[in-house]
>>> print(open('data-v2.cif').read())   # mmCIF, C-alpha atoms
data_model
#
loop_
_atom_site.group_PDB
_atom_site.id
_atom_site.type_symbol
_atom_site.label_atom_id
_atom_site.label_comp_id
_atom_site.auth_asym_id
_atom_site.auth_seq_id
_atom_site.Cartn_x
_atom_site.Cartn_y
_atom_site.Cartn_z
ATOM 1 C CA LEU A 535 0.000 0.000 0.000
ATOM 2 C CA ALA A 536 2.799 2.383 0.888
ATOM 3 C CA PHE A 537 4.587 1.583 -2.363
ATOM 4 C CA ASN A 538 1.425 2.121 -4.441
ATOM 5 C CA HIS A 539 0.790 5.373 -2.603
ATOM 6 C CA MET A 540 4.324 6.519 -3.420
ATOM 7 C CA LEU A 541 3.872 5.624 -7.092
ATOM 8 C CA ASP A 542 0.609 7.568 -7.200
ATOM 9 C CA ASN A 543 2.364 10.594 -5.703
ATOM 10 C CA VAL A 544 5.212 10.339 -8.218
ATOM 11 C CA GLU A 545 2.774 9.987 -11.117
ATOM 12 C CA GLY A 546 0.781 12.956 -9.901
ATOM 13 C CA ALA A 547 3.919 15.064 -9.484
ATOM 14 C CA LEU A 548 5.111 14.213 -12.997
ATOM 15 C CA ALA A 549 1.711 15.016 -14.475
ATOM 16 C CA SER A 550 1.626 18.326 -12.612
ATOM 17 C CA ARG A 551 5.122 19.177 -13.814
ATOM 18 C CA HIS A 552 4.165 18.362 -17.395
ATOM 19 C CA ARG A 553 1.095 20.618 -17.195
ATOM 20 C CA SER A 554 3.234 23.405 -15.753
ATOM 21 C CA GLU A 555 5.846 23.030 -18.511
ATOM 22 C CA MET A 556 3.142 23.104 -21.173
ATOM 23 C CA LYS A 557 1.680 26.304 -19.690
ATOM 24 C CA VAL A 558 5.106 27.952 -19.680
ATOM 25 C CA SER A 559 5.743 26.824 -23.251
ATOM 26 C CA GLN A 560 2.367 28.159 -24.380
ATOM 27 C CA PHE A 561 3.004 31.463 -22.612
ATOM 28 C CA VAL A 562 6.384 31.822 -24.321
ATOM 29 C CA ALA A 563 4.802 31.065 -27.693
ATOM 30 C CA ASP A 564 1.955 33.551 -27.151
ATOM 31 C CA ALA A 565 4.244 36.283 -25.817
ATOM 32 C CA SER A 566 6.737 35.815 -28.638
ATOM 33 C CA HIS A 567 3.984 35.970 -31.234
ATOM 34 C CA GLU A 568 2.563 39.172 -29.757
ATOM 35 C CA LEU A 569 5.998 40.815 -29.597
ATOM 36 C CA ARG A 570 6.743 40.333 -33.279
ATOM 37 C CA ASN A 571 4.560 43.165 -34.608
ATOM 38 C CA PRO A 572 5.676 45.963 -32.226
ATOM 39 C CA LEU A 573 9.304 44.940 -32.712
ATOM 40 C CA ALA A 574 8.867 45.080 -36.475
ATOM 41 C CA SER A 575 7.440 48.600 -36.113
ATOM 42 C CA ILE A 576 10.355 49.717 -33.927
ATOM 43 C CA ARG A 577 12.838 48.367 -36.440
ATOM 44 C CA GLY A 578 10.971 50.014 -39.308
ATOM 45 C CA TYR A 579 10.930 53.461 -37.703
ATOM 46 C CA ALA A 580 14.592 53.121 -36.687
ATOM 47 C CA GLU A 581 15.553 52.214 -40.259
ATOM 48 C CA LEU A 582 13.610 55.217 -41.588
ATOM 49 C CA THR A 583 15.798 57.554 -39.541
ATOM 50 C CA ARG A 584 19.025 56.092 -40.970
ATOM 51 C CA ARG A 585 19.207 58.489 -43.921
ATOM 52 C CA GLU A 586 18.826 61.506 -41.620
ATOM 53 C CA ARG A 587 21.357 60.488 -38.969
ATOM 54 C CA ASP A 588 24.193 62.397 -40.611
ATOM 55 C CA ASP A 589 22.326 65.615 -39.804
ATOM 56 C CA ALA A 590 21.515 64.598 -36.219
ATOM 57 C CA PRO A 591 23.710 65.363 -33.192
ATOM 58 C CA PRO A 592 26.246 62.589 -32.514
ATOM 59 C CA ASP A 593 24.501 61.418 -29.340
ATOM 60 C CA THR A 594 21.146 61.205 -31.136
ATOM 61 C CA ALA A 595 22.641 59.375 -34.116
ATOM 62 C CA HIS A 596 24.330 56.903 -31.778
ATOM 63 C CA ALA A 597 21.102 56.333 -29.837
ATOM 64 C CA LEU A 598 19.129 55.699 -33.029
ATOM 65 C CA GLY A 599 21.761 53.263 -34.207
ATOM 66 C CA ARG A 600 21.588 51.378 -30.917
ATOM 67 C CA ILE A 601 17.775 51.257 -31.106
ATOM 68 C CA GLU A 602 17.984 49.694 -34.559
ATOM 69 C CA SER A 603 20.684 47.226 -33.512
ATOM 70 C CA GLU A 604 19.010 46.129 -30.286
ATOM 71 C CA SER A 605 15.562 45.828 -31.874
ATOM 72 C CA ALA A 606 17.080 43.550 -34.523
ATOM 73 C CA ARG A 607 18.735 41.447 -31.818
ATOM 74 C CA MET A 608 15.477 41.258 -29.845
ATOM 75 C CA SER A 609 13.574 40.244 -32.975
ATOM 76 C CA SER A 610 16.044 37.402 -33.459
ATOM 77 C CA LEU A 611 15.572 36.345 -29.834
ATOM 78 C CA VAL A 612 11.781 36.362 -30.207
ATOM 79 C CA GLU A 613 11.976 34.214 -33.350
ATOM 80 C CA ASP A 614 14.257 31.745 -31.548
ATOM 81 C CA LEU A 615 11.908 31.540 -28.560
ATOM 82 C CA LEU A 616 8.929 31.027 -30.849
ATOM 83 C CA LEU A 617 10.706 28.223 -32.709
ATOM 84 C CA LEU A 618 11.644 26.458 -29.459
ATOM 85 C CA ALA A 619 8.083 26.757 -28.174
ATOM 86 C CA ARG A 620 6.786 25.204 -31.391
ATOM 87 C CA LEU A 621 9.262 22.347 -31.132
ATOM 88 C CA ASP A 622 8.273 21.801 -27.487
ATOM 89 C CA SER A 623 4.626 21.463 -28.447
ATOM 90 C CA GLY A 624 5.428 18.913 -31.146
ATOM 91 C CA PRO A 625 7.778 19.160 -34.118
ATOM 92 C CA ASN A 626 6.100 20.123 -37.369
ATOM 93 C CA LEU A 627 8.900 19.445 -39.828
ATOM 94 C CA ALA A 628 8.706 18.933 -43.580
ATOM 95 C CA LEU A 629 10.728 15.713 -43.561
ATOM 96 C CA THR A 630 11.894 14.502 -46.944
ATOM 97 C CA ALA A 631 14.933 12.895 -48.569
ATOM 98 C CA THR A 632 17.398 15.782 -48.400
ATOM 99 C CA GLY A 633 20.844 16.079 -49.951
ATOM 100 C CA LEU A 634 23.189 17.487 -47.329
ATOM 101 C CA ASN A 635 26.212 18.324 -49.489
ATOM 102 C CA GLU A 636 24.760 21.564 -50.851
ATOM 103 C CA ILE A 637 23.179 22.542 -47.531
ATOM 104 C CA VAL A 638 26.459 22.180 -45.636
ATOM 105 C CA ALA A 639 28.368 23.984 -48.396
ATOM 106 C CA ASN A 640 25.892 26.889 -48.352
ATOM 107 C CA ALA A 641 26.126 27.164 -44.563
ATOM 108 C CA VAL A 642 29.924 27.402 -44.710
ATOM 109 C CA SER A 643 29.752 29.900 -47.577
ATOM 110 C CA ASP A 644 27.416 32.117 -45.545
ATOM 111 C CA ALA A 645 29.716 31.817 -42.523
ATOM 112 C CA GLN A 646 32.703 32.936 -44.611
ATOM 113 C CA VAL A 647 30.861 36.098 -45.605
ATOM 114 C CA ALA A 648 29.812 36.806 -42.004
ATOM 115 C CA GLY A 649 33.260 36.025 -40.555
ATOM 116 C CA PRO A 650 36.016 37.075 -42.981
ATOM 117 C CA ASP A 651 38.488 37.341 -40.085
ATOM 118 C CA HIS A 652 38.251 33.562 -39.462
ATOM 119 C CA GLU A 653 39.705 30.726 -41.508
ATOM 120 C CA TRP A 654 37.168 28.279 -42.921
ATOM 121 C CA GLU A 655 37.651 24.747 -44.206
ATOM 122 C CA LEU A 656 35.115 22.385 -45.766
ATOM 123 C CA ALA A 657 35.455 18.654 -46.456
ATOM 124 C CA LEU A 658 32.682 16.979 -48.484
ATOM 125 C CA PRO A 659 32.540 13.368 -49.704
ATOM 126 C CA ASP A 660 32.598 12.571 -53.419
ATOM 127 C CA HIS A 661 29.111 11.057 -53.210
ATOM 128 C CA GLU A 662 25.830 12.743 -52.290
ATOM 129 C CA VAL A 663 24.794 12.210 -48.660
ATOM 130 C CA VAL A 664 20.993 12.000 -48.430
ATOM 131 C CA ALA A 665 19.293 12.210 -45.040
ATOM 132 C CA VAL A 666 15.706 12.314 -43.846
ATOM 133 C CA GLY A 667 15.204 15.926 -42.888
ATOM 134 C CA ASP A 668 13.705 19.368 -43.255
ATOM 135 C CA PRO A 669 16.131 21.297 -45.529
ATOM 136 C CA PHE A 670 15.384 24.710 -44.007
ATOM 137 C CA ARG A 671 15.757 23.525 -40.404
ATOM 138 C CA LEU A 672 18.924 21.559 -41.140
ATOM 139 C CA LEU A 673 20.475 24.641 -42.725
ATOM 140 C CA GLN A 674 19.562 26.502 -39.554
ATOM 141 C CA VAL A 675 21.297 23.833 -37.449
ATOM 142 C CA PHE A 676 24.564 24.073 -39.395
ATOM 143 C CA ALA A 677 24.381 27.869 -39.546
ATOM 144 C CA ASN A 678 23.924 28.042 -35.770
ATOM 145 C CA LEU A 679 26.935 25.802 -35.159
ATOM 146 C CA LEU A 680 29.109 27.913 -37.450
ATOM 147 C CA ALA A 681 27.817 31.150 -35.920
ATOM 148 C CA ASN A 682 28.626 29.772 -32.476
ATOM 149 C CA ALA A 683 32.203 29.087 -33.567
ATOM 150 C CA ARG A 684 32.524 32.527 -35.139
ATOM 151 C CA THR A 685 31.016 34.417 -32.214
ATOM 152 C CA HIS A 686 32.924 32.693 -29.423
ATOM 153 C CA THR A 687 36.401 32.469 -30.923
ATOM 154 C CA PRO A 688 38.964 35.169 -31.738
ATOM 155 C CA ALA A 689 39.960 36.362 -35.194
ATOM 156 C CA GLY A 690 42.231 33.959 -37.045
ATOM 157 C CA THR A 691 40.589 30.855 -35.577
ATOM 158 C CA LEU A 692 40.342 27.899 -37.968
ATOM 159 C CA VAL A 693 36.837 26.435 -38.261
ATOM 160 C CA SER A 694 36.641 23.100 -40.090
ATOM 161 C CA THR A 695 33.358 21.565 -41.269
ATOM 162 C CA SER A 696 33.059 18.019 -42.561
ATOM 163 C CA LEU A 697 30.278 15.779 -43.869
ATOM 164 C CA SER A 698 30.494 11.994 -43.809
ATOM 165 C CA THR A 699 28.452 8.862 -43.085
ATOM 166 C CA GLU A 700 28.684 6.396 -40.212
ATOM 167 C CA GLY A 701 26.420 3.373 -40.380
ATOM 168 C CA SER A 702 22.863 4.597 -40.882
ATOM 169 C CA PHE A 703 23.648 8.228 -40.023
ATOM 170 C CA ALA A 704 24.893 11.296 -41.825
ATOM 171 C CA VAL A 705 27.535 12.996 -39.674
ATOM 172 C CA VAL A 706 28.361 16.701 -39.736
ATOM 173 C CA LYS A 707 31.240 17.984 -37.601
ATOM 174 C CA VAL A 708 32.117 21.607 -36.897
ATOM 175 C CA ALA A 709 35.511 21.933 -35.207
ATOM 176 C CA ASP A 710 37.500 25.004 -34.157
ATOM 177 C CA ASN A 711 40.942 25.455 -32.620
ATOM 178 C CA GLY A 712 39.866 28.326 -30.383
ATOM 179 C CA PRO A 713 39.609 28.377 -26.596
ATOM 180 C CA GLY A 714 37.645 25.426 -25.273
ATOM 181 C CA ILE A 715 34.369 25.405 -23.400
ATOM 182 C CA PRO A 716 34.812 25.414 -19.602
ATOM 183 C CA GLU A 717 34.313 21.967 -18.124
ATOM 184 C CA SER A 718 31.834 23.402 -15.616
ATOM 185 C CA ILE A 719 29.275 24.168 -18.346
ATOM 186 C CA ARG A 720 30.303 21.653 -21.007
ATOM 187 C CA ASP A 721 27.371 19.392 -20.160
ATOM 188 C CA LYS A 722 24.941 22.322 -20.357
ATOM 189 C CA VAL A 723 25.865 23.940 -23.676
ATOM 190 C CA PHE A 724 22.667 22.696 -25.336
ATOM 191 C CA GLU A 725 20.478 24.160 -22.595
ATOM 192 C CA ARG A 726 18.720 27.467 -23.135
ATOM 193 C CA PHE A 727 20.555 30.706 -22.362
ATOM 194 C CA THR A 728 23.827 28.932 -21.593
ATOM 195 C CA ARG A 729 26.813 31.176 -22.308
ATOM 196 C CA ALA A 730 30.549 30.840 -21.874
ATOM 197 C CA ASP A 731 31.640 34.442 -22.241
ATOM 198 C CA ALA A 732 34.364 34.207 -19.626
ATOM 199 C CA SER A 733 36.295 31.575 -21.559
ATOM 200 C CA ARG A 734 35.211 31.653 -25.179
ATOM 201 C CA VAL A 735 36.495 34.923 -26.609
ATOM 202 C CA ARG A 736 33.972 36.868 -28.641
ATOM 203 C CA SER A 737 34.896 38.033 -32.097
ATOM 204 C CA GLY A 738 32.927 41.273 -31.793
ATOM 205 C CA LYS A 739 30.540 40.249 -34.592
ATOM 206 C CA GLY A 740 27.273 40.565 -32.719
ATOM 207 C CA GLN A 741 25.942 39.088 -29.515
ATOM 208 C CA SER A 742 24.632 35.627 -28.801
ATOM 209 C CA THR A 743 21.093 35.085 -27.572
ATOM 210 C CA GLY A 744 22.126 31.910 -25.771
ATOM 211 C CA LEU A 745 19.537 29.930 -27.750
ATOM 212 C CA GLY A 746 21.478 28.887 -30.836
ATOM 213 C CA LEU A 747 22.729 25.570 -29.474
ATOM 214 C CA ALA A 748 19.382 24.874 -27.776
ATOM 215 C CA ILE A 749 17.779 25.164 -31.225
ATOM 216 C CA VAL A 750 20.425 22.822 -32.631
ATOM 217 C CA SER A 751 19.580 20.212 -30.001
ATOM 218 C CA ALA A 752 15.811 20.613 -30.396
ATOM 219 C CA VAL A 753 15.812 20.482 -34.206
ATOM 220 C CA VAL A 754 18.231 17.547 -34.377
ATOM 221 C CA GLY A 755 16.176 15.703 -31.756
ATOM 222 C CA ALA A 756 13.048 16.305 -33.824
ATOM 223 C CA HIS A 757 14.888 14.605 -36.698
ATOM 224 C CA ARG A 758 15.568 11.617 -34.403
ATOM 225 C CA GLY A 759 19.235 12.447 -34.491
ATOM 226 C CA THR A 760 21.812 13.455 -31.889
ATOM 227 C CA ALA A 761 23.985 16.480 -31.186
ATOM 228 C CA SER A 762 27.100 16.256 -29.022
ATOM 229 C CA VAL A 763 30.203 18.271 -28.142
ATOM 230 C CA GLU A 764 33.805 17.541 -27.223
ATOM 231 C CA SER A 765 36.024 20.342 -25.962
ATOM 232 C CA SER A 766 39.425 20.980 -24.437
ATOM 233 C CA GLU A 767 41.915 23.835 -24.292
ATOM 234 C CA ARG A 768 42.964 22.870 -27.842
ATOM 235 C CA GLY A 769 39.526 23.459 -29.371
ATOM 236 C CA THR A 770 35.912 22.353 -29.655
ATOM 237 C CA THR A 771 34.100 19.914 -31.931
ATOM 238 C CA PHE A 772 30.330 19.726 -32.350
ATOM 239 C CA THR A 773 28.952 16.561 -33.962
ATOM 240 C CA VAL A 774 25.472 16.189 -35.448
ATOM 241 C CA ARG A 775 24.071 12.842 -36.567
ATOM 242 C CA ILE A 776 20.961 12.664 -38.771
ATOM 243 C CA PRO A 777 19.358 9.394 -39.998
ATOM 244 C CA LEU A 778 20.130 8.623 -43.621
ATOM 245 C CA ALA A 779 17.352 8.173 -46.133
ATOM 246 C CA ARG A 780 16.791 4.577 -47.224
ATOM 247 C CA SER A 781 18.101 3.898 -50.690
#
>>> encode(input="data-v2.cif", output="C-alpha cells")
Amino acid sequence: LAFNHMLDNVEGALASRHRSEMKVSQFVADASHELRNPLASIRGYAELTRRERDDAPPDTAHALGRIESESARMSSLVEDLLLLARLDSGPNLALTATGLNEIVANAVSDAQVAGPDHEWELALPDHEVVAVGDPFRLLQVFANLLANARTHTPAGTLVSTSLSTEGSFAVVKVADNGPGIPESIRDKVFERFTRADASRVRSGKGQSTGLGLAIVSAVVGAHRGTASVESSERGTTFTVRIPLARS
C-alpha cells in the first residue's frame, strides 16, 4: 500500500510538472507571437531615420543606431523563442529525402561572408549524402553551429566543417581550434541561455542570444538524431548525426 501510494504521488507530481511546462511553453509562444509586430514597427521606424542620422547630433545618431541594432537582436531572440516553443509542443517538420552536401556547403559559404576574419575549411565526400530531414531547419542547425564558432572564438581561428556517413547516419562535424568550453558548463551547452563568455572569446561580430545551441539540439532531436560536443583547451568539436534516407 505504501509503495502504491508513493507511485501515485510520483505519477501525480510528474503530471503536474508536465502541465506546468506546457503552460510555460504556451506562454512563451503567445508572448513571442505578440511581440513580433511591435518589434517590427520599432525596427521600421529606426531604419527610416538612418538616412537623416548624418544631420543629427552625434549622441542622437548613436542612440538611433543602438535602437535599430538592439531591436534587430530582440527580434532574433523572439523568433528563436517562438521556434523552441513550437518544437516543445510537437515538431512540425517537412521531412523529406534531403541532400546534405549543398546545404552544408551553403552554410559554410554564408559563414565565410559573415566572418572574414576567421579561416574556414570544408570537407565533403565525393558522393551525395541523403538524409531524412527538413532542408530549411537543417540549414539553420549548421548555420547556428558555425555562428557559435565565429562568435565565441577570436579572429584567425580555424573552423573546419566536414560531412560523412557512419552506419545509418549522416555525420556533420564543426571543429575550431579556439579556446575550449569550460568543463563546468560543457554538459549544459545545449540548454537554453547557456553562455561561456568568460572563456570563449567573442569576435565582436554581434551578440549571442544563448539559444542557438538549444535550437540545434531541439531540431536535431526532432529529426531523431543526436547532437554532441567535445572540448578541451585545444579546441571544440560539435557533432550532429541525422538518420540517412533509405536507398
>>> axis_aligned_box(input="data-v2.cif", around="range 757-764 of chain A", padding_each_side="6 Å", output="JSON")
{"center_x": 24.3, "center_y": 14.9, "center_z": -32.0, "size_x": 30.9, "size_y": 18.7, "size_z": 21.5}
>>> residues_around(input="data-v2.cif", residues="Leu634 in chain A", least_positions_apart="3", cutoff="10 Å", atoms="all atoms listed in the file", output="ChimeraX atom specification")
/A:631,637-640,658,662-667,669,672-673,697-698,704-706
>>> write_last_selection(input="data-v2.cif", atoms="C-alpha atoms", output="compact mmCIF listing (two decimals), in the coordinates of the input")
# COMPACT_ATOMS: atom_id res chain seq x y z
CA ALA A 631 14.93 12.90 -48.57
CA ILE A 637 23.18 22.54 -47.53
CA VAL A 638 26.46 22.18 -45.64
CA ALA A 639 28.37 23.98 -48.40
CA ASN A 640 25.89 26.89 -48.35
CA LEU A 658 32.68 16.98 -48.48
CA GLU A 662 25.83 12.74 -52.29
CA VAL A 663 24.79 12.21 -48.66
CA VAL A 664 20.99 12.00 -48.43
CA ALA A 665 19.29 12.21 -45.04
CA VAL A 666 15.71 12.31 -43.85
CA GLY A 667 15.20 15.93 -42.89
CA PRO A 669 16.13 21.30 -45.53
CA LEU A 672 18.92 21.56 -41.14
CA LEU A 673 20.48 24.64 -42.72
CA LEU A 697 30.28 15.78 -43.87
CA SER A 698 30.49 11.99 -43.81
CA ALA A 704 24.89 11.30 -41.82
CA VAL A 705 27.54 13.00 -39.67
CA VAL A 706 28.36 16.70 -39.74
>>> resolve_selection(input="data-v2.cif", expression="the PyMOL selection byres ((chain A and resi 766) around 12)", output="count of residues only")
21
>>> resolve_selection(input="data-v2.cif", expression="the PyMOL selection byres ((chain A and resi 655) around 9)", output="list in words")
Val642, Glu653, Trp654, Leu656, Ala657, Leu692, Val693, Ser694, Thr695 and Ser696 of chain A
>>> atom_distance(input="data-v2.cif", atom1="CA of Val723 in chain A", atom2="CA of Leu679 in chain A")
11.7 Å
>>> resolve_selection(input="data-v2.cif", expression="the PyMOL selection byres ((chain A and resi 775) around 9)", output="ChimeraX atom specification")
/A:699-700,703-707,754,758-762,773-774,776-777
>>> closest_residue(input="data-v2.cif", among="A:Ala565, A:Ala779, A:Leu541, A:Ile719", to="Thr632 in chain A", atoms="all atoms listed in the file")
A:Ala779
>>> residues_around(input="data-v2.cif", residues="Asn571 in chain A", least_positions_apart="4", cutoff="12 Å", atoms="all atoms listed in the file", output="number ranges by chain")
A: 565-567, 575-578, 605, 609, 612-613
>>> atom_distance(input="data-v2.cif", atom1="CA of Glu586 in chain A", atom2="CA of Ala606 in chain A")
19.4 Å
>>> atom_distance(input="data-v2.cif", atom1="CA of Glu725 in chain A", atom2="CA of Leu618 in chain A")
11.4 Å
>>> closest_residue(input="data-v2.cif", among="A:His661, A:Lys722, A:His757, A:Arg587", to="Asn626 in chain A", atoms="only C-alpha atoms")
A:His757
>>> closest_residue(input="data-v2.cif", among="A:Arg600, A:Ala748, A:Phe772, A:Ser702", to="Leu680 in chain A", atoms="all atoms listed in the file")
A:Phe772
>>> closest_residue(input="data-v2.cif", among="A:Gln674, A:Thr685, A:Thr630, A:Asn635", to="Asp651 in chain A", atoms="only C-alpha atoms")
A:Thr685
>>> residues_around(input="data-v2.cif", residues="Asn678 in chain A", least_positions_apart="6", cutoff="12 Å", atoms="only C-alpha atoms", output="list of chain:residue names")
A:Asp614, A:Val638, A:Ala641, A:Val642, A:Asp644, A:Ala645, A:Arg671, A:Leu672, A:Arg684, A:Thr685, A:His686, A:Val708, A:Phe724, A:Ser742, A:Thr743, A:Gly744, A:Leu745, A:Gly746, A:Leu747, A:Ala748, A:Ile749, A:Val750, A:Ser751, A:Val753, A:Phe772, A:Val774
>>> write_last_selection(input="data-v2.cif", atoms="C-alpha atoms", output="PDB file, keeping the file's coordinate frame")
ATOM      1  CA  ASP A 614      14.257  31.745 -31.548  1.00  0.00           C
ATOM      2  CA  VAL A 638      26.459  22.180 -45.636  1.00  0.00           C
ATOM      3  CA  ALA A 641      26.126  27.164 -44.563  1.00  0.00           C
ATOM      4  CA  VAL A 642      29.924  27.402 -44.710  1.00  0.00           C
ATOM      5  CA  ASP A 644      27.416  32.117 -45.545  1.00  0.00           C
ATOM      6  CA  ALA A 645      29.716  31.817 -42.523  1.00  0.00           C
ATOM      7  CA  ARG A 671      15.757  23.525 -40.404  1.00  0.00           C
ATOM      8  CA  LEU A 672      18.924  21.559 -41.140  1.00  0.00           C
ATOM      9  CA  ARG A 684      32.524  32.527 -35.139  1.00  0.00           C
ATOM     10  CA  THR A 685      31.016  34.417 -32.214  1.00  0.00           C
ATOM     11  CA  HIS A 686      32.924  32.693 -29.423  1.00  0.00           C
ATOM     12  CA  VAL A 708      32.117  21.607 -36.897  1.00  0.00           C
ATOM     13  CA  PHE A 724      22.667  22.696 -25.336  1.00  0.00           C
ATOM     14  CA  SER A 742      24.632  35.627 -28.801  1.00  0.00           C
ATOM     15  CA  THR A 743      21.093  35.085 -27.572  1.00  0.00           C
ATOM     16  CA  GLY A 744      22.126  31.910 -25.771  1.00  0.00           C
ATOM     17  CA  LEU A 745      19.537  29.930 -27.750  1.00  0.00           C
ATOM     18  CA  GLY A 746      21.478  28.887 -30.836  1.00  0.00           C
ATOM     19  CA  LEU A 747      22.729  25.570 -29.474  1.00  0.00           C
ATOM     20  CA  ALA A 748      19.382  24.874 -27.776  1.00  0.00           C
ATOM     21  CA  ILE A 749      17.779  25.164 -31.225  1.00  0.00           C
ATOM     22  CA  VAL A 750      20.425  22.822 -32.631  1.00  0.00           C
ATOM     23  CA  SER A 751      19.580  20.212 -30.001  1.00  0.00           C
ATOM     24  CA  VAL A 753      15.812  20.482 -34.206  1.00  0.00           C
ATOM     25  CA  PHE A 772      30.330  19.726 -32.350  1.00  0.00           C
ATOM     26  CA  VAL A 774      25.472  16.189 -35.448  1.00  0.00           C
TER      27      VAL A 774
END
